[in-house]
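Structure data (mmCIF, C-alpha atoms) from run34.cif:
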data_structure
loop_
_atom_site.label_atom_id
_atom_site.label_comp_id
_atom_site.auth_asym_id
_atom_site.auth_seq_id
_atom_site.Cartn_x
_atom_site.Cartn_y
_atom_site.Cartn_z
CA MET X 189 -11.94 1.87 1.74
CA LYS X 190 -9.63 1.48 -1.22
CA HIS X 191 -7.91 4.60 -2.54
CA ARG X 192 -9.63 6.21 -5.50
CA VAL X 193 -8.18 5.66 -8.97
CA ARG X 194 -8.82 6.74 -12.59
CA ILE X 195 -8.34 4.22 -15.38
CA GLY X 196 -8.50 4.80 -19.12
CA VAL X 197 -10.03 2.09 -21.31
CA VAL X 198 -9.82 1.49 -25.06
CA CYS X 199 -10.96 -1.44 -27.14
CA MET X 200 -8.97 -2.11 -30.31
CA ALA X 201 -10.16 -4.13 -33.29
CA ARG X 202 -9.72 -4.88 -37.00
CA LYS X 203 -12.59 -5.28 -39.44
CA THR X 204 -11.15 -8.47 -40.94
CA PHE X 205 -12.25 -10.14 -37.68
CA ASP X 206 -15.64 -10.13 -35.91
CA TYR X 207 -15.45 -6.54 -34.71
CA ARG X 208 -19.22 -6.46 -34.10
CA ALA X 209 -18.80 -9.19 -31.49
CA ALA X 210 -15.95 -7.14 -30.00
CA GLU X 211 -18.33 -4.17 -29.71
CA ASP X 212 -20.80 -6.36 -27.81
CA GLN X 213 -18.04 -7.54 -25.48
CA TYR X 214 -16.91 -3.96 -24.89
CA ARG X 215 -20.42 -2.84 -23.94
CA ARG X 216 -20.65 -5.73 -21.46
CA ILE X 217 -17.24 -4.90 -19.98
CA ARG X 218 -18.18 -1.26 -19.49
CA ARG X 219 -21.29 -2.23 -17.55
CA GLU X 220 -19.18 -4.44 -15.30
CA LEU X 221 -16.59 -1.73 -14.71
CA GLU X 222 -19.23 0.44 -13.05
CA LYS X 223 -19.38 -2.06 -10.16
CA ILE X 224 -15.73 -1.67 -9.12
CA GLU X 225 -15.16 0.12 -5.81
CA ASN X 226 -13.93 3.71 -5.80
CA ALA X 227 -12.73 3.68 -9.41
CA VAL X 228 -13.51 6.01 -12.30
CA PHE X 229 -13.17 4.57 -15.80
CA VAL X 230 -12.58 6.93 -18.70
CA CYS X 231 -13.70 4.84 -21.67
CA VAL X 232 -13.16 5.73 -25.31
CA ASP X 233 -16.62 5.02 -26.68
CA GLU X 234 -15.85 3.76 -30.17
CA LEU X 235 -13.59 0.90 -31.19
CA VAL X 236 -10.06 2.01 -32.01
CA ILE X 237 -9.40 0.56 -35.45
CA GLU X 238 -7.27 2.94 -37.48
CA VAL X 239 -4.10 4.81 -36.55
CA GLU X 240 -5.96 8.11 -36.53
CA ASP X 241 -8.48 6.62 -34.06
CA ALA X 242 -5.58 5.79 -31.76
CA ARG X 243 -4.16 9.31 -31.95
CA LYS X 244 -7.52 10.89 -31.13
CA ALA X 245 -8.06 8.47 -28.23
CA ALA X 246 -4.60 9.22 -26.87
CA LEU X 247 -5.15 12.98 -26.88
CA ARG X 248 -8.42 12.57 -25.02
CA LEU X 249 -6.97 10.21 -22.44
CA ALA X 250 -3.89 12.37 -21.87
CA ALA X 251 -6.18 15.15 -20.65
CA GLU X 252 -8.04 12.95 -18.16
CA ASP X 253 -5.48 12.50 -15.33
CA ILE X 254 -5.63 8.72 -15.60
CA ASP X 255 -3.37 6.42 -13.55
CA GLY X 256 -3.19 3.61 -16.09
CA LEU X 257 -4.66 2.43 -19.37
CA ALA X 258 -6.45 -0.83 -20.10
CA CYS X 259 -5.92 -1.71 -23.77
CA ILE X 260 -8.45 -4.39 -24.72
CA SER X 261 -7.66 -6.44 -27.79
CA GLY X 262 -11.28 -6.83 -28.88
CA THR X 263 -9.91 -8.60 -31.93
CA PHE X 264 -6.49 -8.81 -33.51
CA HIS X 265 -5.56 -5.30 -34.68
CA LEU X 266 -2.83 -3.11 -36.07
CA GLY X 267 0.32 -3.10 -33.97
CA HIS X 268 0.46 0.68 -34.31
CA LEU X 269 -2.50 1.26 -32.02
CA PRO X 270 -1.10 0.79 -28.48
CA LEU X 271 2.22 2.31 -29.55
CA GLU X 272 0.52 5.45 -30.83
CA ILE X 273 -1.51 5.72 -27.64
CA HIS X 274 1.41 5.08 -25.30
CA LYS X 275 3.72 7.66 -26.81
CA ILE X 276 1.20 10.33 -25.81
CA VAL X 277 -0.38 8.88 -22.67
CA GLN X 278 2.79 7.45 -21.02
CA LYS X 279 0.97 5.49 -18.30
CA PRO X 280 1.20 1.86 -17.11
CA LEU X 281 -0.58 -0.44 -19.52
CA LEU X 282 -2.82 -3.46 -19.11
CA LEU X 283 -2.82 -5.61 -22.24
CA TRP X 284 -6.18 -7.33 -21.91
CA GLY X 285 -7.03 -10.29 -24.10
CA LEU X 286 -10.51 -11.79 -24.43
CA PRO X 287 -11.29 -15.52 -24.55
CA GLU X 288 -11.98 -16.76 -28.05
CA LEU X 289 -15.64 -17.01 -29.04
CA PRO X 290 -17.15 -20.16 -30.56
CA TYR X 291 -15.94 -20.59 -34.11
CA ASP X 292 -18.23 -19.40 -36.91
CA GLY X 293 -17.98 -21.48 -40.03
CA GLY X 294 -14.43 -22.54 -39.28
CA LYS X 295 -13.16 -18.96 -38.98
CA ILE X 296 -11.46 -17.60 -35.86
CA ARG X 297 -13.52 -14.62 -34.73
CA LEU X 298 -11.40 -12.54 -32.39
CA ASN X 299 -7.78 -13.74 -32.37
CA SER X 300 -7.48 -11.47 -29.32
CA VAL X 301 -4.65 -13.30 -27.58
CA CYS X 302 -2.49 -12.99 -30.67
CA GLY X 303 -3.13 -9.25 -30.55
CA VAL X 304 -1.92 -9.17 -26.94
CA ASN X 305 1.19 -11.11 -27.97
CA LEU X 306 1.89 -8.60 -30.76
CA ASN X 307 1.46 -5.65 -28.41
CA ALA X 308 3.65 -7.13 -25.69
CA SER X 309 6.44 -7.89 -28.13
CA ASN X 310 6.30 -4.41 -29.67
CA LEU X 311 6.35 -2.69 -26.30
CA TYR X 312 9.07 -4.89 -24.84
CA LYS X 313 11.36 -4.36 -27.82
CA ALA X 314 10.65 -0.61 -27.61
CA GLY X 315 11.90 -0.63 -24.01
CA VAL X 316 8.45 -0.32 -22.41
CA ARG X 317 8.39 -2.93 -19.65
CA ASN X 318 5.72 -1.67 -17.23
CA TYR X 319 2.85 -3.49 -18.92
CA HIS X 320 0.78 -6.29 -17.41
CA VAL X 321 -1.02 -8.99 -19.39
CA SER X 322 -4.40 -10.42 -18.47
CA ILE X 323 -6.58 -12.88 -20.40
CA GLY X 324 -10.20 -13.20 -19.34
CA GLU X 325 -13.68 -11.76 -19.44
CA GLU X 326 -13.21 -9.57 -16.34
CA LEU X 327 -10.79 -6.76 -15.54
CA ASP X 328 -7.81 -7.79 -13.42
CA THR X 329 -8.63 -5.73 -10.33
CA ASP X 330 -5.25 -6.53 -8.76
CA TRP X 331 -3.70 -4.37 -11.48
CA VAL X 332 -6.18 -1.62 -10.64
CA ASP X 333 -5.24 -1.94 -6.98
CA ALA X 334 -1.54 -1.60 -7.80
CA LEU X 335 -2.35 1.72 -9.46
CA ARG X 336 -4.26 2.81 -6.37
CA VAL X 337 -0.98 2.66 -4.45
CA LEU X 338 0.77 4.87 -6.99
CA ARG X 339 -2.03 7.43 -6.95
CA CYS X 340 -2.04 7.37 -3.17
CA PHE X 341 1.68 8.21 -3.14
CA ARG X 342 1.26 10.93 -5.76
CA GLU X 343 -1.49 12.64 -3.75
CA ALA X 344 -0.11 12.05 -0.26
CA ARG X 345 1.38 14.55 2.14
CA VAL X 346 3.97 12.78 4.24
CA GLY X 347 5.87 14.31 7.14
CA ILE X 348 8.70 13.43 9.47
CA ALA X 349 8.93 14.95 12.92
CA GLY X 350 12.49 14.98 14.21
CA SER X 351 14.59 12.47 12.29
CA ARG X 352 15.20 8.73 12.24
CA ALA X 353 15.91 7.16 15.61
CA HIS X 354 19.46 7.36 16.96
CA GLY X 355 21.67 4.74 15.29
CA PHE X 356 18.98 3.50 12.88
CA PHE X 357 20.97 4.42 9.80
CA ASN X 358 19.10 1.83 7.74
CA LEU X 359 15.88 3.84 8.08
CA GLY X 360 17.38 6.89 6.40
CA ILE X 361 16.32 7.56 2.81
CA HIS X 362 17.39 9.57 -0.22
CA GLU X 363 14.41 11.89 -0.43
CA LEU X 364 14.70 12.78 -4.10
CA SER X 365 14.86 9.10 -4.99
CA ALA X 366 11.53 8.70 -3.17
CA TYR X 367 10.22 11.63 -5.20
CA ARG X 368 11.52 10.15 -8.45
CA GLU X 369 10.05 6.72 -7.80
CA MET X 370 6.78 7.61 -6.05
CA GLY X 371 6.16 11.33 -6.38
CA VAL X 372 6.43 11.72 -2.61
CA LEU X 373 7.88 14.86 -1.04
CA ILE X 374 8.72 14.70 2.66
CA ASP X 375 7.82 17.67 4.86
CA HIS X 376 10.15 18.13 7.86
CA TYR X 377 9.05 19.30 11.30
CA GLU X 378 10.71 19.67 14.67
CA LEU X 379 9.37 17.68 17.61
CA ALA X 380 8.62 21.00 19.29
CA HIS X 381 5.91 21.52 16.68
CA ILE X 382 4.09 18.64 18.38
CA PHE X 383 5.13 19.28 21.98
CA THR X 384 3.83 22.86 21.89
CA ARG X 385 0.74 22.29 19.72
CA PRO X 386 -2.27 23.93 21.40
CA VAL X 387 -5.32 21.66 21.72
CA LEU X 388 -8.90 22.04 22.85
CA ASP X 389 -9.78 20.72 26.30
CA GLU X 390 -12.66 18.67 24.90
CA LYS X 391 -10.27 16.82 22.57
CA VAL X 392 -8.10 15.87 25.53
CA ARG X 393 -11.16 14.72 27.50
CA ASP X 394 -12.36 12.67 24.54
CA SER X 395 -8.93 10.99 24.23
CA LEU X 396 -8.85 10.29 27.96
CA ASN X 397 -12.28 8.66 27.85
CA LYS X 398 -11.17 6.44 24.96
CA ILE X 399 -7.98 5.46 26.79
CA GLU X 400 -9.78 4.56 30.00
CA SER X 401 -12.50 2.61 28.18
CA THR X 402 -9.97 0.71 26.03
CA PHE X 403 -7.10 -0.12 28.40
CA GLU X 404 -6.62 -1.37 31.91
CA THR X 405 -4.74 1.63 33.29
CA GLY X 406 -3.92 0.59 36.87
CA GLY X 407 -0.25 0.24 36.01
CA VAL X 408 0.23 3.92 35.22
CA ALA X 409 -0.29 7.04 37.30
CA ALA X 410 -3.27 9.34 36.73
CA GLY X 411 -0.92 12.07 35.54
CA GLN X 412 0.54 9.74 32.93
CA ARG X 413 -2.92 8.84 31.63
CA GLU X 414 -3.59 12.54 31.22
CA GLN X 415 -0.27 13.00 29.43
CA VAL X 416 -1.17 10.19 26.99
CA ALA X 417 -4.55 11.82 26.34
CA GLY X 418 -2.93 15.22 25.84
CA LEU X 419 -0.36 13.80 23.44
CA ALA X 420 -3.01 11.92 21.43
CA ALA X 421 -4.90 15.19 21.06
CA LYS X 422 -1.72 17.06 20.09
CA LEU X 423 -0.76 14.46 17.46
CA ALA X 424 -4.25 14.39 15.96
CA THR X 425 -4.39 18.19 15.87
CA PHE X 426 -0.90 18.37 14.33
CA LEU X 427 -1.83 15.90 11.58
CA ASP X 428 -5.02 17.80 10.81
CA ASP X 429 -3.42 21.25 10.92
CA GLU X 430 -0.59 20.21 8.61
CA LYS X 431 -2.93 18.14 6.39
CA LEU X 432 -0.64 15.11 6.67
CA ASP X 433 -1.72 11.69 5.44
CA ALA X 434 1.16 9.95 7.20
CA LEU X 435 3.82 10.83 9.76
CA ALA X 436 7.18 9.27 10.60
CA LEU X 437 7.93 10.16 14.21
CA ARG X 438 11.25 10.18 16.07
CA CYS X 439 9.70 8.68 19.17
CA TRP X 440 12.82 8.34 21.34
CA PRO X 441 14.72 9.55 23.27
CA GLU X 442 13.30 13.10 23.19
CA PHE X 443 9.67 12.25 23.94
CA ALA X 444 10.41 10.64 27.31
CA ALA X 445 13.22 13.07 28.14
CA GLU X 446 11.51 16.32 27.12
CA PHE X 447 7.77 15.71 26.89
CA GLY X 448 7.63 13.31 29.83
CA ILE X 449 6.27 10.14 28.18
CA ALA X 450 6.97 8.03 25.12
CA PRO X 451 4.25 8.29 22.45
CA CYS X 452 3.52 4.55 22.08
CA ALA X 453 0.11 4.40 23.80
CA ALA X 454 -1.09 7.59 22.12
CA MET X 455 -0.03 6.17 18.74
CA SER X 456 -1.85 2.90 19.45
CA LEU X 457 -5.06 4.81 20.00
CA LEU X 458 -4.69 7.11 16.97
CA GLN X 459 -3.71 4.30 14.62
CA SER X 460 -6.84 2.38 15.60
CA GLU X 461 -8.77 5.40 14.28
CA GLY X 462 -7.09 5.17 10.87
CA ARG X 463 -4.09 7.46 11.30
CA VAL X 464 -0.81 6.35 9.72
CA ILE X 465 2.06 7.04 12.16
CA ALA X 466 5.38 5.22 11.86
CA CYS X 467 7.66 5.07 14.86
CA GLU X 468 11.40 5.77 14.99
CA GLY X 469 11.37 8.19 12.07
CA ASP X 470 10.81 5.41 9.53
CA ILE X 471 9.57 7.14 6.37
CA GLU X 472 9.62 3.97 4.25
CA GLY X 473 7.75 2.20 7.03
CA ALA X 474 5.07 4.90 6.75
CA LEU X 475 4.98 4.48 2.96
CA SER X 476 4.58 0.71 3.39
CA MET X 477 1.66 1.30 5.74
CA MET X 478 0.13 3.74 3.25
CA ALA X 479 0.43 1.17 0.46
CA HIS X 480 -1.49 -1.35 2.54
CA ARG X 481 -4.13 1.26 3.31
CA ALA X 482 -4.50 2.17 -0.38
CA LEU X 483 -5.41 -1.47 -1.07
CA GLY X 484 -8.23 -1.30 1.45
CA ALA X 485 -6.43 -2.92 4.39
CA GLU X 486 -7.19 -1.51 7.83
CA THR X 487 -4.90 -0.20 10.59
CA PRO X 488 -1.45 -1.55 9.66
CA PHE X 489 1.03 -2.52 12.39
CA LEU X 490 4.70 -1.55 11.93
CA PHE X 491 6.58 -4.35 13.65
CA ASP X 492 10.09 -5.58 14.37
CA PHE X 493 10.97 -9.05 13.11
CA SER X 494 11.89 -9.78 16.68
CA GLN X 495 12.33 -13.48 17.46
CA ILE X 496 12.36 -16.83 15.69
CA ASN X 497 11.73 -20.30 17.05
CA LEU X 498 13.29 -22.93 14.85
CA GLU X 499 11.70 -25.80 16.78
CA ASP X 500 8.11 -24.82 16.01
CA ASP X 501 8.99 -22.80 12.86
CA SER X 502 7.49 -19.53 14.10
CA ALA X 503 8.44 -15.89 14.53
CA LEU X 504 7.36 -13.08 16.82
CA LEU X 505 6.30 -9.81 15.18
CA TRP X 506 6.78 -7.38 18.06
CA HIS X 507 7.08 -3.73 18.85
CA CYS X 508 7.44 -1.91 22.12
CA GLY X 509 3.76 -1.08 22.49
CA VAL X 510 2.44 0.83 19.51
CA ALA X 511 0.12 -1.55 17.59
CA PRO X 512 -3.38 -0.21 16.82
CA CYS X 513 -5.49 -1.21 19.80
CA ASN X 514 -8.30 -2.53 17.59
CA LEU X 515 -5.99 -5.45 16.60
CA TRP X 516 -6.30 -6.88 20.12
CA ASP X 517 -7.01 -10.63 20.32
CA GLY X 518 -10.10 -10.09 22.46
CA LYS X 519 -8.81 -12.48 25.12
CA CYS X 520 -5.91 -10.94 27.02
CA THR X 521 -6.08 -7.73 29.03
CA ARG X 522 -5.21 -4.62 27.05
CA SER X 523 -3.17 -2.56 29.45
CA LEU X 524 -0.87 0.43 29.68
CA ASP X 525 2.60 0.00 31.13
CA THR X 526 5.74 2.01 31.87
CA TYR X 527 8.33 -0.72 31.48
CA PHE X 528 11.02 1.32 29.67
CA ALA X 529 12.50 4.82 29.51
CA GLY X 530 12.84 4.99 33.28
CA GLY X 531 9.11 4.58 33.84
CA LYS X 532 8.16 7.06 31.11
CA GLY X 533 7.45 4.46 28.41
CA VAL X 534 3.64 4.37 28.67
CA THR X 535 3.11 1.66 26.10
CA ALA X 536 0.14 -0.42 25.03
CA ASP X 537 0.47 -4.09 26.04
CA PHE X 538 -1.57 -6.82 24.34
CA VAL X 539 -1.48 -9.84 22.03
CA LEU X 540 -2.78 -9.29 18.49
CA LYS X 541 -5.61 -11.38 17.07
CA GLU X 542 -5.15 -14.56 15.06
CA GLY X 543 -5.59 -14.70 11.29
CA GLU X 544 -4.00 -14.47 7.84
CA VAL X 545 -1.58 -11.57 7.52
CA SER X 546 0.35 -9.90 4.71
CA ILE X 547 3.72 -8.25 5.29
CA LEU X 548 5.30 -5.45 3.23
CA ARG X 549 8.44 -3.37 3.34
CA ILE X 550 9.05 -0.74 0.65
CA ASP X 551 12.79 -0.54 1.09
CA SER X 552 15.63 1.38 -0.52
CA ALA X 553 19.29 0.50 -0.80
CA GLY X 554 21.04 3.62 -2.01
CA ALA X 555 18.88 5.07 -4.78
CA GLU X 556 17.32 1.71 -5.69
CA TYR X 557 13.95 0.51 -4.42
CA ARG X 558 12.68 -3.01 -3.84
CA LEU X 559 9.67 -4.69 -2.22
CA PHE X 560 9.90 -7.29 0.52
CA MET X 561 6.68 -9.17 1.17
CA GLU X 562 5.52 -12.37 2.83
CA LYS X 563 2.35 -14.12 3.90
CA ALA X 564 1.90 -15.64 7.32
CA HIS X 565 -0.76 -16.79 9.75
CA GLY X 566 -1.06 -15.33 13.22
CA VAL X 567 -1.60 -17.95 15.91
CA ALA X 568 -2.81 -17.75 19.49
CA MET X 569 -0.39 -17.16 22.34
CA GLU X 570 -0.53 -16.13 25.97
CA LYS X 571 0.28 -12.58 27.04
CA GLU X 572 3.81 -13.12 28.27
CA LEU X 573 5.60 -9.92 27.23
CA LYS X 574 5.36 -6.18 27.45
CA GLY X 575 4.50 -4.39 24.23
CA THR X 576 2.32 -5.48 21.31
CA TYR X 577 3.02 -8.64 19.34
CA LEU X 578 1.81 -11.55 17.26
CA LYS X 579 3.23 -15.04 16.85
CA VAL X 580 3.16 -16.10 13.20
CA LYS X 581 3.94 -19.04 10.99
CA PHE X 582 5.06 -18.06 7.51
CA ASP X 583 4.17 -19.88 4.31
CA ALA X 584 7.92 -20.48 3.92
CA PRO X 585 10.18 -21.92 6.66
CA VAL X 586 11.07 -19.22 9.16
CA ARG X 587 14.82 -19.73 8.67
CA GLU X 588 14.39 -19.03 4.94
CA VAL X 589 12.40 -15.88 5.69
CA LEU X 590 15.08 -14.64 8.07
CA ASN X 591 17.82 -15.40 5.56
CA THR X 592 15.90 -13.51 2.88
CA VAL X 593 15.65 -10.48 5.15
CA VAL X 594 19.23 -10.37 6.40
CA TYR X 595 21.03 -11.33 3.17
CA ASN X 596 19.11 -8.71 1.22
CA GLY X 597 19.70 -6.06 3.88
CA ILE X 598 15.98 -5.38 4.41
CA ALA X 599 15.29 -2.86 7.18
CA HIS X 600 14.07 -4.25 10.49
CA HIS X 601 10.57 -2.73 10.30
CA ALA X 602 7.72 -3.91 8.07
CA SER X 603 3.99 -3.24 7.77
CA MET X 604 1.58 -6.02 8.69
CA VAL X 605 -2.13 -6.14 7.87
CA TYR X 606 -4.82 -8.79 8.09
CA GLY X 607 -5.82 -10.40 4.80
CA ASP X 608 -4.13 -11.30 1.51
CA TYR X 609 -2.61 -8.26 -0.18
CA ILE X 610 0.31 -9.85 -2.00
CA ARG X 611 -0.55 -9.96 -5.71
CA PRO X 612 -1.39 -6.24 -6.21
CA LEU X 613 1.99 -5.39 -4.71
CA GLU X 614 3.75 -7.89 -6.97
CA LEU X 615 2.14 -6.05 -9.89
CA LEU X 616 3.26 -2.75 -8.38
CA GLY X 617 6.81 -4.10 -8.48
CA ARG X 618 6.41 -4.99 -12.17
CA ILE X 619 5.00 -1.56 -13.01
CA LYS X 620 7.82 0.23 -11.20
CA GLY X 621 10.59 -2.17 -12.18
CA TRP X 622 11.32 -2.83 -8.49
CA PRO X 623 12.62 -6.27 -7.53
CA VAL X 624 10.17 -8.29 -5.44
CA ILE X 625 11.94 -10.12 -2.62
CA ARG X 626 10.12 -13.07 -1.04
#
Take the structure in the file and write it out as structure tokens.
Amino acid sequence: MKHRVRIGVVCMARKTFDYRAAEDQYRRIRRELEKIENAVFVCVDELVIEVEDARKAALRLAAEDIDGLACISGTFHLGHLPLEIHKIVQKPLLLWGLPELPYDGGKIRLNSVCGVNLNASNLYKAGVRNYHVSIGEELDTDWVDALRVLRCFREARVGIAGSRAHGFFNLGIHELSAYREMGVLIDHYELAHIFTRPVLDEKVRDSLNKIESTFETGGVAAGQREQVAGLAAKLATFLDDEKLDALALRCWPEFAAEFGIAPCAAMSLLQSEGRVIACEGDIEGALSMMAHRALGAETPFLFDFSQINLEDDSALLWHCGVAPCNLWDGKCTRSLDTYFAGGKGVTADFVLKEGEVSILRIDSAGAEYRLFMEKAHGVAMEKELKGTYLKVKFDAPVREVLNTVVYNGIAHHASMVYGDYIRPLELLGRIKGWPVIR
């Protein structure tokens, strides 16, 4: 399900144009808005025509905890109106123009697009650059979806257990920059808070049943299966107790050395149930996964851009065995293995399913944020490796994709989901003023 969002709506007009037709259009639009998933629309009932109307509308909207404001140019109107509203509301703006109606006696009736042009110019020259322009009869729901991501961040509780993985300096972040840009505060925990978390026996039994019904477990000892089940129960209980929406987890070397197994298989199971857990202490990886989830995507996979094949123009999106187990291709054997950490790895091993995928990395360089995103198509392959992985062909040549990543210093993890989730994130970049790297 998409993350909930609250959007303000005003319709502006001028009586020298066909404002009655604009009223009819506004009533139609409001009926259509009711059909949009998990969104509340706070609509100013009357047309905003005079400056005082704009001031009253702004005061009402400012009290409504909205995430953005759709300013409909029902007709051409005074340039004051969106400026008066914005100086009080201070939210991302959609400048929405309506298609022109059939002419009536040679007179233009709405002149709506010219109103949008006026508003955009005024705002731009006033230094307000987070607006988006849309011309059409229907609301641009990609803009709404971009705001879902921002609300998700504002409401989220995000934790990190331990720290980033040893030597992964590029996964470290400036926490107050993340707060400034996204409203996210990071709660810190020690790994012992997970290791020592008490859990109910029935939760462990439930996890063990899921593990044994999901994976071929002949490659691991019975005691290791029980450890995976116990860890899955501990992680789930920890997330619930601390009311965390996402967790970045330092998954090595302490888990294998101190707890007795790596957490990969337990994470695979929990992520298939909708939990957001990023490995190797990658907070921005977790935020990228949350952004995908806010758009309605299911069970993101945080992968390494692992291998490229220039001959067939493909890449391997791989990680050591942590992908949500519901992303299985349905053909190979899903199994558990202990191929690393001296036999304490306990990873999930399978090939991911074919299909269209979207890739996202919310990435910082110093205090500055940017968005890396790509589209690709997952193709079939045999199960030849340990871990979890998908062979993909990008829309762009794979060498160009690799060059984009390495010459922009993008971190080596990114979130992958099935489906097309590119445009809402491009609009997120415009709203936030973050460069979009593709």
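Of the listed residues X:Asp429, X:Ser456, X:Met604, X:Asp501, the one whose atoms come nearest to Phe489 in chain X is X:Met604, with distances taken using all atoms listed in the file.
Going from CA of Gly607 in chain X over to CA of Tyr557 in chain X, you cover 24.4 Å.
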Around all listed atoms of range 252-270 of chain X, padded 5 Å per side, what centre and edge lengths does the axis-aligned box have in Å to one decimal, as lines of an AutoDock Vina configuration file?
center_x = -5.4
center_y = 2.1
center_z = -24.8
size_x = 21.7
size_y = 31.8
size_z = 32.5
| task | Would you write out, as a count of residues only, every residue that the PyMOL selection byres ((chain X and resi 255) around 7) captures in this file? | result | 9
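A search radius of 10 Å centred on (5.6, 19.1, 19.4), applied to all atoms listed in the file, returns the residues Ala349, Gly350, Tyr377, Glu378, Leu379, Ala380, His381, Ile382, Phe383, Thr384, Arg385, Pro386, Leu419, Lys422, Leu423, Phe426, Phe443 and Phe447 of chain X.
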Selection from above, C-alpha atoms, as a PDB file, keeping the file's coordinate frame, can you write it?
ATOM      1  CA  ALA X 349       8.930  14.950  12.920  1.00  0.00           C
ATOM      2  CA  GLY X 350      12.490  14.980  14.210  1.00  0.00           C
ATOM      3  CA  TYR X 377       9.050  19.300  11.300  1.00  0.00           C
ATOM      4  CA  GLU X 378      10.710  19.670  14.670  1.00  0.00           C
ATOM      5  CA  LEU X 379       9.370  17.680  17.610  1.00  0.00           C
ATOM      6  CA  ALA X 380       8.620  21.000  19.290  1.00  0.00           C
ATOM      7  CA  HIS X 381       5.910  21.520  16.680  1.00  0.00           C
ATOM      8  CA  ILE X 382       4.090  18.640  18.380  1.00  0.00           C
ATOM      9  CA  PHE X 383       5.130  19.280  21.980  1.00  0.00           C
ATOM     10  CA  THR X 384       3.830  22.860  21.890  1.00  0.00           C
ATOM     11  CA  ARG X 385       0.740  22.290  19.720  1.00  0.00           C
ATOM     12  CA  PRO X 386      -2.270  23.930  21.400  1.00  0.00           C
ATOM     13  CA  LEU X 419      -0.360  13.800  23.440  1.00  0.00           C
ATOM     14  CA  LYS X 422      -1.720  17.060  20.090  1.00  0.00           C
ATOM     15  CA  LEU X 423      -0.760  14.460  17.460  1.00  0.00           C
ATOM     16  CA  PHE X 426      -0.900  18.370  14.330  1.00  0.00           C
ATOM     17  CA  PHE X 443       9.670  12.250  23.940  1.00  0.00           C
ATOM     18  CA  PHE X 447       7.770  15.710  26.890  1.00  0.00           C
TER      19      PHE X 447
END
| request: List the residues selected by the PyMOL selection byres ((chain X and resi 475) around 9) in the file shown, writing them as an MDAnalysis selection string. | output: chainID X and resid 341 346 434 466 470:474 476:480 549:550
| task | Run through the PyMOL selection byres ((chain X and resi 509) around 8) on the given coordinates and return the selected residues as a ChimeraX atom specification. | result | /X:452-453,456,507-508,510-511,535-537,574-576
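CA of Trp440 in chain X to CA of Gln412 in chain X spans 16.9 Å [interatomic distance, one decimal].
Coordinates place CA of Ala250 in chain X at a distance of 17.7 Å from CA of Val316 in chain X.
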| task | Pick out the residues sitting within 12 Å of Glu369 in chain X, and hand them over as a ChimeraX atom specification; count only C-alpha atoms, and ignore anything fewer than 3 positions along from it in its own chain. | result | /X:338,341-342,362-366,372-373,550-552,555-558,616-617,619-622
| task | Tell me which protein, DNA and RNA residues are within 9 Å of Glu325 in chain X, counting all atoms listed in the file, leaving out same-chain ones fewer than 6 positions away, and put them as JSON, numbers by chain. | result | {"X": [213, 217, 285, 286, 287]}
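Minimum distance to Leu559 in chain X across X:Asp212, X:Glu499, X:Glu588, X:Glu614 (counting all atoms listed in the file) occurs at X:Glu614.
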